[in-house]
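Asker: Attaching a single structure in structure tokens format; questions to follow.
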Amino acid sequence: MNKRIRELAEQAGATTFGGKQCIFGDEDMEKFAELIVKECANVELYWLGEQDCKAIAEKIKKHFGVK
């Protein structure tokens, strides 16, 4: 499992085993999904100008219902 994915899973409350398996509760899974969406939205900051980036990040978050 990718180190960053494991970090996000643990941040969401998942229990990880040896970096290859995670156990999520229902609320943990939702939090994990939100963290991934936020991470993806923030990646745009490296590729575009700040103004364009903020608009795209907000569109991504809105699409997934993440604040």
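Residue numbers start at 1 in each chain; chains themselves are named A, B, ... in the order of the structure tokens; ligands are numbered from 1 in the order shown.
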From a DSSP pass on the backbone, collect the residues of chain A flagged as strand (DSSP E or B) and hand them back as a list in words.
Answerer: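 Result set for chain A (strand (DSSP E or B)): Thr15, Thr16, Phe17, Gln21, Cys22 and Ile23 of chain A.
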Asker: Taking N, CA and C atoms for each residue, export the selection above as a PDB file, in the first residue's frame.
Answerer:
ATOM      1  N   THR A  15      -7.696   0.788  11.037  1.00  0.00           N
ATOM      2  CA  THR A  15      -6.647  -0.026  11.643  1.00  0.00           C
ATOM      3  C   THR A  15      -5.868  -0.667  10.498  1.00  0.00           C
ATOM      4  N   THR A  16      -4.551  -0.488  10.471  1.00  0.00           N
ATOM      5  CA  THR A  16      -3.742  -1.072   9.401  1.00  0.00           C
ATOM      6  C   THR A  16      -2.914  -2.228   9.951  1.00  0.00           C
ATOM      7  N   PHE A  17      -2.680  -3.188   9.076  1.00  0.00           N
ATOM      8  CA  PHE A  17      -1.906  -4.366   9.440  1.00  0.00           C
ATOM      9  C   PHE A  17      -0.776  -4.553   8.442  1.00  0.00           C
ATOM     10  N   GLN A  21      -3.151  -4.112   4.646  1.00  0.00           N
ATOM     11  CA  GLN A  21      -4.572  -4.349   4.890  1.00  0.00           C
ATOM     12  C   GLN A  21      -5.099  -3.314   5.869  1.00  0.00           C
ATOM     13  N   CYS A  22      -6.315  -2.842   5.626  1.00  0.00           N
ATOM     14  CA  CYS A  22      -6.958  -1.864   6.501  1.00  0.00           C
ATOM     15  C   CYS A  22      -8.339  -2.356   6.877  1.00  0.00           C
ATOM     16  N   ILE A  23      -8.748  -2.020   8.083  1.00  0.00           N
ATOM     17  CA  ILE A  23     -10.116  -2.291   8.511  1.00  0.00           C
ATOM     18  C   ILE A  23     -10.754  -0.952   8.837  1.00  0.00           C
TER      19      ILE A  23
END
Asker: Give me, as a count of residues only, all polymer residues having an atom no more than 12 Å from A:Lys3, counting only C-alpha atoms and skipping those fewer than 6 positions away in the same chain.
Answerer: 6
Asker: Which residue is closest to A:Phe64? Choose from A:Asn42, A:Ala12, A:Glu30, A:Asn2 and count only C-alpha atoms.
Answerer: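 For A:Phe64, the nearest of the candidates is A:Glu30.
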Asker: Rank nothing, just name the residue among A:Ala41, A:Leu35, A:Ile60, A:Cys53 nearest to A:Arg4, using only C-alpha atoms.
Answerer: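 Result for the nearest residue to A:Arg4: A:Leu35.
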Asker: Just how far from atom CA of A:Ile5 is atom CA of A:Val37, in Å to one decimal?
Answerer: 11.9 Å
